[in-house]
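Chemist: Contents of entry.txt (compact mmCIF, C-alpha atoms and all ligand atoms) are below:
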```txt
# COMPACT_ATOMS: atom_id res chain seq x y z
CA MET A 989 0.00 0.00 0.00
CA ASN A 990 1.20 3.53 -0.82
CA LYS A 991 1.93 5.97 1.97
CA VAL A 992 -1.09 8.01 3.02
CA ASN A 993 -0.38 11.74 2.63
CA LYS A 994 -3.85 13.18 2.21
CA ILE A 995 -7.08 12.07 3.88
CA ALA A 996 -10.59 13.19 2.96
CA VAL A 997 -13.48 13.27 5.39
CA LEU A 998 -17.19 13.25 4.62
CA THR A 999 -20.51 12.89 6.45
CA SER A 1000 -23.20 10.77 4.85
CA GLY A 1001 -26.82 9.70 5.55
CA GLY A 1002 -28.80 11.26 8.40
CA ASP A 1003 -26.95 13.89 10.42
CA SER A 1004 -26.30 13.33 14.10
CA PRO A 1005 -24.88 15.46 16.92
CA GLY A 1006 -21.14 14.85 17.22
CA MET A 1007 -20.46 14.68 13.49
CA ASN A 1008 -18.77 18.09 13.59
CA ALA A 1009 -16.64 17.03 16.55
CA ALA A 1010 -15.56 13.98 14.53
CA ILE A 1011 -14.72 16.10 11.45
CA ARG A 1012 -12.65 18.36 13.71
CA SER A 1013 -10.88 15.37 15.18
CA VAL A 1014 -9.98 13.87 11.79
CA VAL A 1015 -8.68 17.21 10.51
CA ARG A 1016 -6.67 17.96 13.65
CA ALA A 1017 -5.22 14.43 13.75
CA CYS A 1018 -4.09 14.89 10.13
CA ALA A 1019 -2.43 18.19 11.07
CA TYR A 1020 -0.79 16.53 14.10
CA TYR A 1021 0.67 13.78 11.92
CA ASN A 1022 1.75 16.32 9.26
CA ILE A 1023 -0.51 15.11 6.51
CA GLU A 1024 -3.10 17.02 4.51
CA SER A 1025 -6.87 16.85 4.91
CA VAL A 1026 -9.78 17.60 2.61
CA GLY A 1027 -13.48 18.02 3.38
CA ILE A 1028 -15.99 16.52 0.96
CA TYR A 1029 -19.35 18.31 0.95
CA ARG A 1030 -22.75 16.58 0.72
CA GLY A 1031 -21.47 13.06 1.25
CA TYR A 1032 -20.91 10.76 -1.71
CA GLN A 1033 -22.82 13.13 -4.00
CA GLY A 1034 -20.16 15.77 -3.36
CA MET A 1035 -17.49 13.17 -4.07
CA ILE A 1036 -19.06 12.55 -7.48
CA GLU A 1037 -19.34 16.29 -8.19
CA GLY A 1038 -15.87 17.15 -6.88
CA ASP A 1039 -17.25 19.37 -4.13
CA PHE A 1040 -14.03 19.38 -2.08
CA LYS A 1041 -12.31 21.89 0.18
CA GLU A 1042 -8.79 21.74 1.60
CA LEU A 1043 -8.97 21.93 5.39
CA ASN A 1044 -6.45 22.69 8.09
CA ALA A 1045 -6.45 22.73 11.88
CA ARG A 1046 -7.94 26.25 11.89
CA SER A 1047 -10.77 25.41 9.48
CA VAL A 1048 -12.44 23.42 12.24
CA ASN A 1049 -12.32 26.05 14.99
CA ASN A 1050 -15.49 26.40 17.08
CA ILE A 1051 -17.39 23.45 15.69
CA ILE A 1052 -16.96 20.89 18.50
CA ASN A 1053 -20.10 22.28 20.14
CA LYS A 1054 -22.28 22.44 17.02
CA GLY A 1055 -25.01 20.03 15.94
CA GLY A 1056 -25.53 19.01 12.31
CA THR A 1057 -22.54 18.80 9.99
CA ILE A 1058 -20.55 21.67 8.49
CA LEU A 1059 -19.78 19.42 5.53
CA LYS A 1060 -23.54 18.87 4.90
CA THR A 1061 -24.85 15.41 4.21
CA ALA A 1062 -26.84 13.61 1.55
CA ARG A 1063 -28.07 10.24 0.40
CA SER A 1064 -26.64 9.73 -3.10
CA GLU A 1065 -28.49 7.57 -5.61
CA GLU A 1066 -25.72 8.14 -8.17
CA PHE A 1067 -23.12 6.58 -5.86
CA ARG A 1068 -25.10 3.34 -6.10
CA THR A 1069 -24.09 3.14 -9.78
CA VAL A 1070 -20.67 2.04 -11.13
CA GLU A 1071 -20.50 5.20 -13.26
CA GLY A 1072 -21.12 7.40 -10.24
CA ARG A 1073 -18.44 5.68 -8.19
CA LYS A 1074 -16.00 5.90 -11.11
CA LYS A 1075 -16.51 9.67 -11.28
CA ALA A 1076 -15.95 9.86 -7.53
CA PHE A 1077 -12.71 7.87 -7.80
CA GLU A 1078 -11.40 10.10 -10.59
CA ASN A 1079 -12.12 13.20 -8.49
CA LEU A 1080 -10.25 11.76 -5.50
CA LYS A 1081 -7.26 10.90 -7.70
CA LYS A 1082 -7.26 14.34 -9.31
CA LYS A 1083 -6.93 15.86 -5.82
CA ASN A 1084 -4.23 13.32 -4.78
CA ILE A 1085 -6.43 12.00 -1.99
CA ASP A 1086 -5.12 8.67 -0.69
CA ALA A 1087 -7.89 7.59 1.69
CA PHE A 1088 -11.18 8.73 3.17
CA VAL A 1089 -13.02 8.63 6.48
CA VAL A 1090 -16.79 8.39 6.20
CA ILE A 1091 -18.95 9.37 9.16
CA GLY A 1092 -22.41 7.81 8.84
CA GLY A 1093 -24.54 4.70 9.20
CA ASP A 1094 -24.59 1.27 7.60
CA GLY A 1095 -25.76 2.57 4.20
CA SER A 1096 -22.72 4.85 4.10
CA PHE A 1097 -20.47 1.96 5.11
CA THR A 1098 -21.90 -0.24 2.35
CA GLY A 1099 -20.97 2.47 -0.16
CA ALA A 1100 -17.46 2.65 1.30
CA GLU A 1101 -16.99 -1.10 1.17
CA ILE A 1102 -18.08 -1.39 -2.46
CA PHE A 1103 -15.86 1.56 -3.37
CA ASN A 1104 -12.87 -0.07 -1.68
CA GLU A 1105 -13.53 -3.34 -3.46
CA GLU A 1106 -13.72 -1.68 -6.87
CA PHE A 1107 -10.79 0.71 -6.59
CA ASN A 1108 -8.72 -0.73 -3.74
CA PHE A 1109 -9.14 2.66 -2.07
CA PRO A 1110 -8.44 2.84 1.69
CA VAL A 1111 -11.54 3.67 3.75
CA ILE A 1112 -12.42 3.86 7.44
CA GLY A 1113 -15.89 4.36 8.93
CA ILE A 1114 -16.99 6.27 12.01
CA PRO A 1115 -20.51 5.34 13.20
CA GLY A 1116 -22.68 8.47 13.23
CA THR A 1117 -26.41 7.98 13.80
CA ILE A 1118 -28.72 8.71 16.70
CA ASP A 1119 -30.32 5.25 16.42
CA ASN A 1120 -27.35 3.32 17.88
CA ASP A 1121 -28.14 0.52 15.44
CA ILE A 1122 -24.62 -0.26 14.23
CA PHE A 1123 -22.99 -3.53 15.12
CA GLY A 1124 -19.43 -3.27 16.47
CA THR A 1125 -19.80 -0.37 18.86
CA ASN A 1126 -21.57 0.16 22.17
CA PHE A 1127 -22.34 3.74 21.15
CA THR A 1128 -22.79 5.59 17.87
CA LEU A 1129 -22.17 9.33 17.62
CA GLY A 1130 -25.25 11.35 18.49
CA TYR A 1131 -27.08 8.62 20.39
CA ASP A 1132 -26.28 9.99 23.84
CA THR A 1133 -27.27 13.53 22.81
CA ALA A 1134 -30.54 12.29 21.28
CA LEU A 1135 -31.40 10.41 24.49
CA ASN A 1136 -30.89 13.55 26.54
CA THR A 1137 -32.87 15.68 24.10
CA ALA A 1138 -35.79 13.26 24.12
CA VAL A 1139 -35.80 12.87 27.91
CA GLU A 1140 -35.81 16.66 28.32
CA ALA A 1141 -38.76 16.93 25.92
CA ILE A 1142 -40.71 14.20 27.71
CA ASP A 1143 -40.09 15.85 31.09
CA LYS A 1144 -41.90 18.87 29.67
CA ILE A 1145 -44.72 16.76 28.26
CA ARG A 1146 -45.08 15.19 31.72
CA ASP A 1147 -45.95 18.62 33.15
CA THR A 1148 -48.98 18.82 30.87
CA ALA A 1149 -49.83 15.14 31.33
CA SER A 1150 -49.97 15.45 35.09
CA SER A 1151 -51.71 18.87 35.11
CA HIS A 1152 -54.52 17.57 32.89
CA ASN A 1153 -54.57 13.93 34.05
CA ARG A 1154 -53.75 12.83 30.52
CA LEU A 1155 -52.23 9.82 28.88
CA PHE A 1156 -49.54 10.77 26.36
CA PHE A 1157 -48.14 8.62 23.59
CA VAL A 1158 -44.73 10.01 22.72
CA GLU A 1159 -43.10 8.75 19.53
CA VAL A 1160 -39.32 8.77 19.45
CA MET A 1161 -37.01 7.96 16.53
CA GLY A 1162 -35.80 4.48 15.68
CA ARG A 1163 -37.26 3.14 12.48
CA ASP A 1164 -35.81 -0.35 12.94
CA VAL A 1165 -34.61 -0.50 16.52
CA GLY A 1166 -35.82 0.42 20.00
CA HIS A 1167 -32.60 1.59 21.66
CA ILE A 1168 -33.72 5.20 21.92
CA ALA A 1169 -37.23 4.27 23.08
CA LEU A 1170 -36.04 1.82 25.71
CA ASN A 1171 -33.47 4.11 27.28
CA VAL A 1172 -35.59 7.23 27.03
CA GLY A 1173 -38.56 5.31 28.42
CA VAL A 1174 -36.64 4.25 31.50
CA GLY A 1175 -34.97 7.66 31.84
CA ALA A 1176 -38.23 9.58 31.57
CA GLY A 1177 -40.19 7.15 33.73
CA ALA A 1178 -42.60 5.92 31.05
CA GLU A 1179 -45.48 3.62 31.96
CA GLU A 1180 -44.93 1.47 28.89
CA ILE A 1181 -42.25 1.33 26.20
CA LEU A 1182 -43.14 0.00 22.77
CA ILE A 1183 -40.25 -1.16 20.58
CA PRO A 1184 -39.95 -3.01 17.25
CA GLU A 1185 -38.01 -5.88 18.83
CA GLU A 1186 -40.89 -6.89 21.15
CA ASP A 1187 -44.57 -7.02 20.32
CA LEU A 1188 -46.43 -6.17 23.50
CA GLY A 1189 -49.79 -6.45 21.75
CA LEU A 1190 -52.76 -4.13 22.09
CA ASP A 1191 -54.53 -6.18 24.74
CA ARG A 1192 -51.57 -6.32 27.09
CA LEU A 1193 -50.96 -2.61 26.59
CA LEU A 1194 -54.54 -1.86 27.53
CA GLU A 1195 -54.44 -4.20 30.48
CA SER A 1196 -51.28 -2.59 31.79
CA LEU A 1197 -52.65 0.94 31.41
CA LYS A 1198 -55.87 -0.01 33.18
CA LYS A 1199 -53.88 -1.59 35.99
CA SER A 1200 -51.79 1.52 36.53
CA ARG A 1201 -54.90 3.71 36.45
CA LYS A 1202 -56.49 1.48 39.08
CA SER A 1203 -53.37 1.70 41.23
CA GLY A 1204 -53.91 5.45 41.55
CA LYS A 1205 -51.96 6.93 38.66
CA THR A 1206 -53.81 9.80 37.06
CA SER A 1207 -51.48 10.44 34.14
CA SER A 1208 -49.11 8.34 32.12
CA ILE A 1209 -46.49 8.49 29.40
CA VAL A 1210 -46.11 5.71 26.85
CA VAL A 1211 -42.93 5.91 24.78
CA VAL A 1212 -43.29 4.43 21.30
CA ALA A 1213 -40.40 3.75 18.93
CA GLU A 1214 -41.07 4.96 15.39
CA GLY A 1215 -40.71 1.40 14.08
CA ASP A 1216 -42.97 -0.27 16.65
CA LYS A 1217 -45.60 -2.57 15.18
CA THR A 1218 -48.18 -2.66 17.99
CA GLY A 1219 -50.63 -0.45 16.11
CA GLU A 1220 -50.89 0.92 12.57
CA ASN A 1221 -49.08 3.99 13.83
CA VAL A 1222 -48.90 6.01 17.03
CA PHE A 1223 -52.12 7.91 16.22
CA GLU A 1224 -54.10 4.71 15.59
CA LEU A 1225 -52.66 3.28 18.76
CA ALA A 1226 -53.76 6.31 20.78
CA LYS A 1227 -57.23 6.17 19.19
CA TYR A 1228 -57.62 2.53 20.13
CA VAL A 1229 -56.65 3.19 23.74
CA GLU A 1230 -58.92 6.22 24.00
CA GLU A 1231 -61.87 4.19 22.69
CA ASN A 1232 -61.18 1.51 25.25
CA MET A 1233 -60.41 3.80 28.17
CA PRO A 1234 -63.02 6.54 27.76
CA ASN A 1235 -62.17 8.11 31.10
CA TYR A 1236 -58.68 8.98 29.92
CA GLU A 1237 -57.90 12.00 27.76
CA VAL A 1238 -55.28 10.80 25.31
CA ARG A 1239 -52.76 12.91 23.38
CA VAL A 1240 -49.97 12.12 20.93
CA SER A 1241 -46.64 13.88 20.61
CA VAL A 1242 -44.18 12.97 17.86
CA LEU A 1243 -40.74 14.27 18.79
CA GLY A 1244 -39.37 13.79 15.27
CA HIS A 1245 -36.26 15.47 13.93
CA MET A 1246 -35.71 17.70 16.96
CA GLN A 1247 -34.00 14.58 18.36
CA ARG A 1248 -31.33 14.81 15.67
CA GLY A 1249 -30.37 18.42 16.30
CA GLY A 1250 -28.69 20.45 18.98
CA ALA A 1251 -25.31 20.70 20.63
CA PRO A 1252 -23.65 17.32 21.21
CA SER A 1253 -23.36 16.08 24.79
CA CYS A 1254 -19.93 15.91 26.40
CA PHE A 1255 -20.03 12.13 25.93
CA ASP A 1256 -20.55 12.48 22.16
CA ARG A 1257 -17.82 15.13 21.85
CA VAL A 1258 -15.29 12.97 23.64
CA LEU A 1259 -16.31 9.87 21.68
CA ALA A 1260 -16.07 11.77 18.38
CA SER A 1261 -12.62 13.11 19.29
CA ARG A 1262 -11.37 9.63 20.14
CA MET A 1263 -12.86 8.02 17.05
CA GLY A 1264 -11.49 10.65 14.67
CA VAL A 1265 -7.94 10.24 15.99
CA LYS A 1266 -8.17 6.46 15.74
CA ALA A 1267 -9.52 6.60 12.17
CA VAL A 1268 -6.52 8.65 11.02
CA GLU A 1269 -4.02 6.49 12.91
CA VAL A 1270 -5.47 3.32 11.43
CA LEU A 1271 -5.14 4.70 7.90
CA LEU A 1272 -1.56 5.76 8.60
CA GLU A 1273 -0.83 2.20 9.74
CA GLY A 1274 -1.92 1.04 6.29
CA LYS A 1275 -5.21 -0.52 7.41
CA SER A 1276 -8.51 -0.18 5.59
CA ASN A 1277 -12.12 -1.40 5.64
CA PHE A 1278 -12.67 -1.01 9.36
CA MET A 1279 -15.17 0.85 11.45
CA VAL A 1280 -13.94 2.52 14.60
CA GLY A 1281 -16.11 1.72 17.62
CA ILE A 1282 -16.09 1.67 21.39
CA HIS A 1283 -16.38 -1.31 23.75
CA ASP A 1284 -15.98 -1.09 27.52
CA ASN A 1285 -14.49 2.39 27.05
CA GLU A 1286 -11.76 1.09 24.69
CA ILE A 1287 -11.63 2.28 21.09
CA THR A 1288 -11.90 -0.79 18.87
CA LEU A 1289 -11.96 -1.83 15.21
CA THR A 1290 -14.61 -3.95 13.50
CA SER A 1291 -14.49 -4.93 9.85
CA LEU A 1292 -16.88 -2.83 7.78
CA ASP A 1293 -18.42 -6.04 6.55
CA LEU A 1294 -19.38 -7.14 10.05
CA ALA A 1295 -20.53 -3.65 11.00
CA ILE A 1296 -22.91 -3.70 8.03
CA LYS A 1297 -24.17 -7.26 8.44
CA GLY A 1298 -24.26 -7.59 12.22
CA GLU A 1299 -27.32 -6.69 14.24
CA THR A 1300 -27.44 -4.84 17.53
CA LYS A 1301 -29.42 -6.30 20.40
CA ILE A 1302 -31.62 -4.45 22.83
CA ASN A 1303 -30.75 -4.55 26.49
CA THR A 1304 -33.40 -6.88 27.92
CA GLU A 1305 -32.41 -5.92 31.47
CA LEU A 1306 -33.91 -2.49 30.73
CA ILE A 1307 -37.25 -4.08 29.90
CA LYS A 1308 -37.29 -5.74 33.32
CA VAL A 1309 -36.18 -2.54 35.05
CA SER A 1310 -38.94 -0.63 33.30
CA ASP A 1311 -41.52 -3.22 34.37
CA ILE A 1312 -40.39 -3.00 37.98
CA MET A 1313 -40.36 0.81 37.90
CA THR A 1314 -43.99 0.94 36.80
CA THR A 1315 -45.19 -0.98 39.85
O1 LIG B 1401 -31.00 9.07 11.86
C1 LIG B 1401 -31.79 7.91 11.80
C2 LIG B 1401 -33.22 8.27 11.80
O2 LIG B 1401 -33.32 9.09 12.91
C3 LIG B 1401 -34.31 7.22 11.87
O3 LIG B 1401 -34.66 6.79 13.14
C4 LIG B 1401 -35.45 7.87 11.14
O4 LIG B 1401 -36.37 6.98 10.65
C5 LIG B 1401 -34.71 8.58 10.06
O5 LIG B 1401 -33.51 9.00 10.64
C6 LIG B 1401 -35.43 9.68 9.39
O6 LIG B 1401 -34.51 10.38 8.61
P1 LIG B 1401 -34.82 11.29 7.34
O7 LIG B 1401 -35.96 12.15 7.70
O8 LIG B 1401 -33.55 12.05 7.14
O9 LIG B 1401 -35.11 10.37 6.22
```
Would you write the structure of this file as structure tokens?
Modeler:
Amino acid sequence: MNKVNKIAVLTSGGDSPGMNAAIRSVVRACAYYNIESVGIYRGYQGMIEGDFKELNARSVNNIINKGGTILKTARSEEFRTVEGRKKAFENLKKKNIDAFVVIGGDGSFTGAEIFNEEFNFPVIGIPGTIDNDIFGTNFTLGYDTALNTAVEAIDKIRDTASSHNRLFFVEVMGRDVGHIALNVGVGAGAEEILIPEEDLGLDRLLESLKKSRKSGKTSSIVVVAEGDKTGENVFELAKYVEENMPNYEVRVSVLGHMQRGGAPSCFDRVLASRMGVKAVEVLLEGKSNFMVGIHDNEITLTSLDLAIKGETKINTELIKVSDIMTT
């Protein structure tokens, strides 16, 4: 493998808090090791269009605390085609870029893996998504911030729920997984937590809500993951419960994209800083096709292939804890 003298960095897929801190870390690590760095705008689409900018340690001043991504992000259909990837490769070569770090989710890693296979181009992934659904890391960038954002929002909803004696269904993000819902549910003291991995069923949900009402609770919060299959959707679910518990006033609140924004938590900033440094060091050691992750507070490497194919598991202990807390 040729020596790596210039590394590009891009963000791809859905944005998440901590992406900027990771960009900063990659750029500063490059400066520390006396190599050049380049930012690629709008993910793989920008790679295809040659939307590049040379960066240096000062280009990433004052971004560690910012949500979103200064490099912008996109989902590129063109990068799914051989022609698109060929254009991207030619642009990288034209700029003498030797390797890239992609910050994103499994879709972004799939693109990186195919690109590496076709052009033998060194790539490293940093997991950036609020969903925490990437195999090979205990935490993805933005997950911790999103949990805190959602808990803060539900605390506010609780004020209204308890003032009006209402039952609130709060939908949180997680189209395929329930990590956000489960943790936020326990953290915000939800009565029930509905996640895609477990089908509670409408009858058991109703039974549980009736039981808690009977025990003296006058208001409740039910946290529902976006991808939960208990009802058609959160509104249908709420309608069903209202019809079957006429004494309860039911409301729905969908937290939506506000969970993806905002300043990253300290945890996400530190994680991003550690991951960015590791990504650069790994490339300088001549390695490729890995995702940087964290296990038991140690920065680790997992093959991109495994990171893409592996599935994360929910923490079943949290389900038990939640059940006990709703006694
Ligand atoms: O970032 C992941 C995620 O939050 C999913 O949980 C959600 O379904 C998706 O993003 C929505 O993203 P977009 O609106 O960008 O398509």
Chemist: Distance limit 7 Å, reference ligand LIG 1401 (chain B), atoms considered: only C-alpha atoms and all ligand atoms. Which residues make the cut? Give them as an NGL selection string.
Modeler: :A and (1002-1004 or 1117-1119 or 1161-1163 or 1214 or 1248)
Chemist: Rank nothing, just name the residue among A:Ile1312, A:Val1048, A:Ile1102, A:Val997 nearest to Val1174 of chain A, using all atoms listed in the file.
Modeler: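 Smallest separation from Val1174 of chain A among the options: A:Ile1312.
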Chemist: In terms of the shortest atom-to-atom distance over only C-alpha atoms, which of A:Ile1011, A:Leu1155, A:Ile1114, A:Val1309 is closest to Ser1047 of chain A?
Modeler: A:Ile1011
Chemist: Counting only C-alpha atoms, which residue out of A:Ile1058, A:Val1158, A:Thr1314, A:Gln1247 sits closest to Gly1204 of chain A?
Modeler: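 Residue with the minimum atom-to-atom distance to Gly1204 of chain A: A:Thr1314.
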Chemist: Identify which of the residues A:Leu1243, A:Val1229, A:Leu1188, A:Ala1087 lies closest to Lys1144 of chain A, counting all atoms listed in the file when measuring atom-to-atom distances.
Modeler: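 The closest residue to Lys1144 of chain A is A:Leu1243.
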Chemist: If you count all atoms listed in the file, which residues fall within 12 Å of Tyr1032 of chain A, apart from same-chain ones fewer than 2 positions away, as JSON, numbers by chain?
Modeler: {"A": [996, 997, 998, 999, 1000, 1001, 1027, 1028, 1029, 1030, 1034, 1035, 1036, 1037, 1038, 1039, 1040, 1059, 1060, 1061, 1062, 1063, 1064, 1065, 1066, 1067, 1068, 1069, 1072, 1073, 1074, 1075, 1076, 1077, 1079, 1080, 1088, 1089, 1090, 1091, 1092, 1095, 1096, 1097, 1098, 1099, 1100, 1103]}
Chemist: My list of candidates is A:Ala1178, A:Leu1043, A:Ala1295, A:Leu1289. Which is closest to Gly1093 of chain A when distances are computed with all atoms listed in the file?
Modeler: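 Closest candidate: A:Ala1295.
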Chemist: Find, counting only C-alpha atoms, the residue in A:Ile1112, A:Phe1127, A:Thr1206, A:Ile1052 that gets nearest to Asp1284 of chain A.
Modeler: A:Phe1127
Chemist: Which residues are near Phe1223 of chain A? Cut-off 12 Å, all atoms listed in the file, ignore same chain within fewer than 2 positions. Put them as a ChimeraX atom specification.
Modeler: /A:1156-1159,1212,1214,1218-1221,1225-1230,1238-1242
Chemist: Leaving out Cys1254 of chain A and any residue of its chain fewer than 3 positions from it, which residues lie within 10 Å of it when counting all atoms listed in the file, given as a ChimeraX atom specification?
Modeler: /A:1006,1052-1053,1132-1133,1251,1257-1260
Chemist: Between atom CA of Pro1110 of chain A and atom CA of Asn1277 of chain A, what is the distance in Å, rounded to a tenth?
Modeler: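 Interatomic distance, atom CA of Pro1110 of chain A to atom CA of Asn1277 of chain A: 6.9 Å.
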Chemist: If you count all atoms listed in the file, which residues fall within 7 Å of Ser1013 of chain A, apart from same-chain ones fewer than 3 positions away, as a list of chain:residue names?
Modeler: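 Non-adjacent residues within range: A:Ala1009, A:Ala1010, A:Arg1016, A:Ala1017, A:Ser1261, A:Gly1264, A:Val1265.
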Chemist: Output requested as a tab-separated table (two decimals), keeping the file's coordinate frame - segment 1163-1177 of chain A, filled out with N, CA, C and O atoms.
Modeler:
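selection_15.tsv, written as the output of this step:
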```
chain	number	residue	atom	x	y	z
A	1163	ARG	N	-36.36	3.79	13.43
A	1163	ARG	CA	-37.26	3.14	12.48
A	1163	ARG	C	-37.15	1.62	12.50
A	1163	ARG	O	-38.10	0.92	12.17
A	1164	ASP	N	-35.97	1.11	12.90
A	1164	ASP	CA	-35.81	-0.35	12.94
A	1164	ASP	C	-35.53	-0.88	14.34
A	1164	ASP	O	-35.65	-2.08	14.58
A	1165	VAL	N	-35.07	-0.02	15.22
A	1165	VAL	CA	-34.61	-0.50	16.52
A	1165	VAL	C	-35.20	0.34	17.67
A	1165	VAL	O	-35.60	1.48	17.47
A	1166	GLY	N	-35.20	-0.26	18.86
A	1166	GLY	CA	-35.82	0.42	20.00
A	1166	GLY	C	-34.85	0.95	21.03
A	1166	GLY	O	-35.24	1.22	22.17
A	1167	HIS	N	-33.57	1.14	20.65
A	1167	HIS	CA	-32.60	1.59	21.66
A	1167	HIS	C	-32.98	2.93	22.26
A	1167	HIS	O	-32.91	3.13	23.47
A	1168	ILE	N	-33.36	3.87	21.41
A	1168	ILE	CA	-33.72	5.20	21.92
A	1168	ILE	C	-34.95	5.07	22.82
A	1168	ILE	O	-34.94	5.53	23.97
A	1169	ALA	N	-35.98	4.38	22.32
A	1169	ALA	CA	-37.23	4.27	23.08
A	1169	ALA	C	-37.00	3.63	24.45
A	1169	ALA	O	-37.49	4.12	25.47
A	1170	LEU	N	-36.24	2.56	24.46
A	1170	LEU	CA	-36.04	1.82	25.71
A	1170	LEU	C	-35.30	2.66	26.76
A	1170	LEU	O	-35.72	2.74	27.92
A	1171	ASN	N	-34.24	3.30	26.33
A	1171	ASN	CA	-33.47	4.11	27.28
A	1171	ASN	C	-34.21	5.37	27.71
A	1171	ASN	O	-34.23	5.73	28.89
A	1172	VAL	N	-34.84	6.01	26.72
A	1172	VAL	CA	-35.59	7.23	27.03
A	1172	VAL	C	-36.78	6.88	27.92
A	1172	VAL	O	-37.12	7.60	28.86
A	1173	GLY	N	-37.40	5.75	27.64
A	1173	GLY	CA	-38.56	5.31	28.42
A	1173	GLY	C	-38.19	5.12	29.88
A	1173	GLY	O	-38.90	5.58	30.78
A	1174	VAL	N	-37.07	4.46	30.11
A	1174	VAL	CA	-36.64	4.25	31.50
A	1174	VAL	C	-36.22	5.59	32.11
A	1174	VAL	O	-36.60	5.93	33.23
A	1175	GLY	N	-35.48	6.38	31.34
A	1175	GLY	CA	-34.97	7.66	31.84
A	1175	GLY	C	-36.06	8.67	32.13
A	1175	GLY	O	-35.91	9.51	33.02
A	1176	ALA	N	-37.15	8.60	31.37
A	1176	ALA	CA	-38.23	9.58	31.57
A	1176	ALA	C	-39.35	9.00	32.42
A	1176	ALA	O	-40.37	9.64	32.63
A	1177	GLY	N	-39.18	7.77	32.86
A	1177	GLY	CA	-40.19	7.15	33.73
A	1177	GLY	C	-41.48	6.82	33.01
A	1177	GLY	O	-42.57	7.06	33.54
```
